[in-house]
Amino acid sequence: MSKDKNTFYLTTPIYYVNDAPHIGHAYTTTAGDVLTRWHRQKGENVWFLTGTDEHGTKVQRTAEANNVEPKVWADKLVKEAWLPVLKTINAANDDFIRTTEQRHTKGVQAFWELVKKNGAVYEGSYEGPYCVGCEEFKLPGDLIKEDGQELCPIHSKPVEMLSEKNWFFKLKNYQQPLIDHYTKNPEAIQPPSAYNEVMAFLKQGLDDISMSRSAVSWGIKLPWDEKQVVYVWFDALLNYLTAAGFGEPEDSEAGKLFKRIWPIDVNLVGKDILRFHAVYWPAMLMAAGVEVPKCVFAHGWLLVGGEKMSKTKLTGIAPSQIVDYVGADAFRYYFLSAIRFGQDGSFSWEDLTARYTAELANGLGNLASREAAMIEKYFEAIVPKPGELTAADQVLVELIKSASKEADEAILKLDFSTGINAIKSIVEAANLYVTEQEPWKIAKDEANKERLATVLYCVAETLRAIAILYHPIMPESTAKIWNILGANESIGDIAKQKIENVGNWGQLPAGSKVIKGEAIFPRLVEDEQ
RNA sequence: AGCGGAGUAGCUCAGGUGGCAGAGCAAGCGGCUCAUAAUCGCUGUGUCGCGGGUUCGACUCCCGCCUCCGCUACCA
């Protein structure tokens, strides 16, 4: 590969600015955030990009309906809807690109100019059913059939066949190169079901595709034909490139960034937009002579009541509804642990509540709480110096090693639920350990002080490992655990702790000052939903 | 219609080159008291979508069927 192996560039799709953000959008961003935080804690040079897609007729139309310019409308939506979501779920993205930004429009024009120069764009005509009311072309599948006529579903008026001059991209030329590429690199589309879908699609043959629109004005003008704008998808997909500094001088800031991070390591997408990312997008890159992403990963949908969330059925749930209830950390934990990434999964408030209570409040939160209470009570809030480890203690030592390895392998493959499960097994083992060792009984005899110290040390040290491993998933709560352990002072910043070193026993120094504080995961009050 | 995925405990879902059906949650009982009425242990339940076939044996393999979902060229 052309870049340093120690860099990791991940993108989310850019979200269509006109939609109302719901937990499906937040789910994708959360997964990207957890994965990039994990890579950061592996000491890699990470770049995490997200953003908004702002062109197209829908935005143009709602802006008109609201009596403002499209850009003003988009500004408002970005500011009031999309940027706040990132805060809500606590995403640590490195950049946020908007397709109306100059760096993007400039990059898109340069890109297509290059592709045209390379001979992959030509002028042609597009013919299709056109609704005069909508002033746009319709898809055959969208039309309503009535009395032998085909009607526009919005205006219920007959459509007419119209043709317009368009510029076409020679997609067909890339059919074989794409098949070859994916045959050689089967890991480039994941999960395997997505791979199969794309391969089936490719093998049935590709046709050239119109890459410009003449009837739309809210878009990026073709540099060689100002009457046309770039078709939205062929504008939007390029954000990954323009945000990375494509086409900028090599010695500029942006140019250096591009050199450092390209190609994309993971193009994270929802399964509904897989084809655009696994077919059109790499074909465009091939046409421009740019290296294609290493992997596109299509995750599943969140189902509510067994169905895809929908605006018309009002099943869309805003991320803040959930975050207000359980907090950002639990939001992140819940969606990534309860649902297998890559498959569809059901969301329900009952399940969310049950898992929060069982796994976070009773499991992890209470473990920290009981440990802190005992260190306060028996050792004046100072982490004690351990004595010789027994076989029971060694179980924890070994488990941290094996579970962290398992979690690492799973999360690098974007199998978040398996990864989280592995970490959860450490929490469960620690709770079991405390119950079995019965430190409160040992404490009754002053002669056993050293054993008591050892037991409490083992639990504290285990909490250290758990906090580090869970940090990419629950940054705030793990920082609280870190604080309880007094680890900021005795070890340093939790975000700087390396995944690889988690299993090295004994990093939490005796003498660390423990602060019990408030419950990390307070019990839920059953008043919402 | 074609292709692909799915149908397993009350709920959410694992699993399996064919050999007494699994986890978590929920429910019940018991232990413990450091802790956020917490934690730990024990306990049940299933015609593994339907009908055939292969086999000593099928939830698993084969055939047919039913139901749900996705993809099948320009929807952002």
# chains A, B, ... in the order shown; residues from 1 in each chain; ligands from 1
call {"tool": "interface_residues", "arguments": {"of": "chain A", "to": "chain B", "cutoff": "8 Å", "atoms": "only C-alpha atoms (C1' of nucleotides)", "output": "ChimeraX atom specification"}}
result
/A:16,56,139,193,196-197,200-201,206-207,209-210,232-233,346,351,354-355,361-362,365-367,369-371,373-374,431-432,435-436,439-440,519,521-523
call {"tool": "residues_around", "arguments": {"residues": "A:Ile339", "least_positions_apart": "4", "cutoff": "7 Å", "atoms": "only C-alpha atoms (C1' of nucleotides)", "output": "ChimeraX atom specification"}}
result
/A:335,345,417
call {"tool": "write_last_selection", "arguments": {"atoms": "N, CA and C atoms", "output": "JSON list (two decimals), in the first residue's frame"}}
result
[["chain", "number", "residue", "atom", "x", "y", "z"],
["A", 335, "PHE", "N", -26.09, 0.05, 21.34],
["A", 335, "PHE", "CA", -26.25, -0.27, 19.92],
["A", 335, "PHE", "C", -25.13, -1.15, 19.38],
["A", 345, "GLY", "N", -31.02, -5.23, 13.28],
["A", 345, "GLY", "CA", -31.26, -5.52, 14.68],
["A", 345, "GLY", "C", -32.44, -4.74, 15.21],
["A", 417, "SER", "N", -20.01, -6.48, 18.75],
["A", 417, "SER", "CA", -20.72, -7.20, 19.80],
["A", 417, "SER", "C", -19.84, -8.29, 20.42]]
call {"tool": "residues_around", "arguments": {"residues": "A:Gly255", "least_positions_apart": "5", "cutoff": "12 Å", "atoms": "only C-alpha atoms (C1' of nucleotides)", "output": "list in words"}}
result
Leu241, Thr242, Ala243, Ala244, Gly245, Phe246, Gly247, Glu248, Pro249, Glu250, Arg260, Ile261 and Trp262 of chain A
call {"tool": "residues_around", "arguments": {"residues": "stretch 54-61 of chain B", "least_positions_apart": "2", "cutoff": "9 Å", "atoms": "only C-alpha atoms (C1' of nucleotides)", "output": "PyMOL selection string"}}
result
chain B and resi 8+16+18-19+21+48
call {"tool": "write_last_selection", "arguments": {"atoms": "C-alpha atoms (C1' of nucleotides)", "output": "PDB file, in the first residue's frame"}}
result
ATOM      1  C1'   U B   8     -34.621 -21.876  17.210  1.00  0.00           C
ATOM      2  C1'   G B  16     -24.148 -26.888  14.376  1.00  0.00           C
ATOM      3  C1'   G B  18     -25.845 -35.119  11.340  1.00  0.00           C
ATOM      4  C1'   G B  19     -25.300 -37.984  17.491  1.00  0.00           C
ATOM      5  C1'   A B  21     -31.060 -28.348  21.844  1.00  0.00           C
ATOM      6  C1'   C B  48     -35.239 -25.623  16.205  1.00  0.00           C
TER       7        C B  48
END
call {"tool": "select_by_dssp", "arguments": {"residues": "stretch 205-395 of chain A", "states": "alpha helix (DSSP H)", "output": "PyMOL selection string"}}
result
chain A and resi 232-236+239-242+253-261+274-275+281-288+319-326+328-338+349-355+366-379+391-395
call {"tool": "write_last_selection", "arguments": {"atoms": "C-alpha atoms", "output": "tab-separated table (two decimals), in the first residue's frame"}}
result
chain	number	residue	atom	x	y	z
A	232	VAL	CA	-25.80	14.52	-6.61
A	233	TRP	CA	-24.32	11.10	-6.00
A	234	PHE	CA	-21.36	11.85	-8.20
A	235	ASP	CA	-20.85	14.99	-6.22
A	236	ALA	CA	-21.46	13.53	-2.76
A	239	ASN	CA	-16.42	14.16	-0.28
A	240	TYR	CA	-14.13	11.41	0.98
A	241	LEU	CA	-11.56	12.61	-1.48
A	242	THR	CA	-12.01	16.36	-1.30
A	253	GLU	CA	-1.41	21.26	4.54
A	254	ALA	CA	-4.20	19.48	2.66
A	255	GLY	CA	-1.79	17.88	0.22
A	256	LYS	CA	0.24	16.42	3.06
A	257	LEU	CA	-2.89	15.08	4.66
A	258	PHE	CA	-3.85	13.32	1.47
A	259	LYS	CA	-0.49	11.72	1.16
A	260	ARG	CA	-0.64	10.54	4.73
A	261	ILE	CA	-4.14	9.07	4.91
A	274	LEU	CA	-23.84	-0.16	-0.70
A	275	ARG	CA	-24.03	-0.15	-4.47
A	281	TRP	CA	-17.38	5.14	-6.30
A	282	PRO	CA	-14.43	2.84	-7.00
A	283	ALA	CA	-15.18	3.06	-10.73
A	284	MET	CA	-14.90	6.83	-10.50
A	285	LEU	CA	-11.61	6.52	-8.66
A	286	MET	CA	-10.27	4.09	-11.22
A	287	ALA	CA	-11.20	6.54	-13.95
A	288	ALA	CA	-9.26	9.24	-12.18
A	319	PRO	CA	-30.65	10.14	19.16
A	320	SER	CA	-31.26	12.68	21.90
A	321	GLN	CA	-34.39	10.83	23.04
A	322	ILE	CA	-32.23	7.89	24.00
A	323	VAL	CA	-29.25	9.87	25.20
A	324	ASP	CA	-31.44	11.96	27.50
A	325	TYR	CA	-32.63	8.71	29.04
A	326	VAL	CA	-29.45	6.66	29.47
A	328	ALA	CA	-24.26	8.94	25.44
A	329	ASP	CA	-22.06	6.13	26.74
A	330	ALA	CA	-24.94	3.75	27.23
A	331	PHE	CA	-26.27	4.69	23.79
A	332	ARG	CA	-22.95	3.74	22.26
A	333	TYR	CA	-22.65	0.59	24.34
A	334	TYR	CA	-26.18	-0.55	23.68
A	335	PHE	CA	-26.25	-0.27	19.92
A	336	LEU	CA	-22.86	-1.82	19.41
A	337	SER	CA	-23.25	-4.67	21.87
A	338	ALA	CA	-26.89	-5.65	21.44
A	349	TRP	CA	-37.00	0.70	24.95
A	350	GLU	CA	-37.53	-2.39	27.09
A	351	ASP	CA	-34.37	-4.01	25.80
A	352	LEU	CA	-32.40	-0.81	26.22
A	353	THR	CA	-33.59	-0.46	29.80
A	354	ALA	CA	-32.94	-4.10	30.62
A	355	ARG	CA	-29.42	-4.08	29.28
A	366	ASN	CA	-21.73	-1.65	40.86
A	367	LEU	CA	-18.38	-3.39	40.56
A	368	ALA	CA	-16.60	-0.05	40.66
A	369	SER	CA	-18.82	1.06	43.48
A	370	ARG	CA	-18.27	-1.96	45.74
A	371	GLU	CA	-14.53	-1.90	45.12
A	372	ALA	CA	-14.19	1.79	45.85
A	373	ALA	CA	-16.28	1.41	49.00
A	374	MET	CA	-14.05	-1.37	50.33
A	375	ILE	CA	-10.81	0.43	49.59
A	376	GLU	CA	-12.18	3.44	51.42
A	377	LYS	CA	-13.37	1.37	54.32
A	378	TYR	CA	-10.40	-0.95	54.79
A	379	PHE	CA	-7.45	1.04	53.41
A	391	ALA	CA	-4.58	-19.31	41.74
A	392	ALA	CA	-7.86	-17.43	42.02
A	393	ASP	CA	-6.06	-14.14	41.44
A	394	GLN	CA	-4.23	-15.58	38.47
A	395	VAL	CA	-7.56	-16.29	36.82
call {"tool": "atom_distance", "arguments": {"atom1": "atom CA of A:Lys413", "atom2": "atom CA of A:Lys294"}}
result
13.0 Å
call {"tool": "atom_distance", "arguments": {"atom1": "atom CA of A:Gln190", "atom2": "atom CA of A:Asn421"}}
result
21.3 Å
call {"tool": "residues_around", "arguments": {"residues": "A:Ile484", "least_positions_apart": "3", "cutoff": "6 Å", "atoms": "only C-alpha atoms (C1' of nucleotides)", "output": "ChimeraX atom specification"}}
result
/A:481,514-516
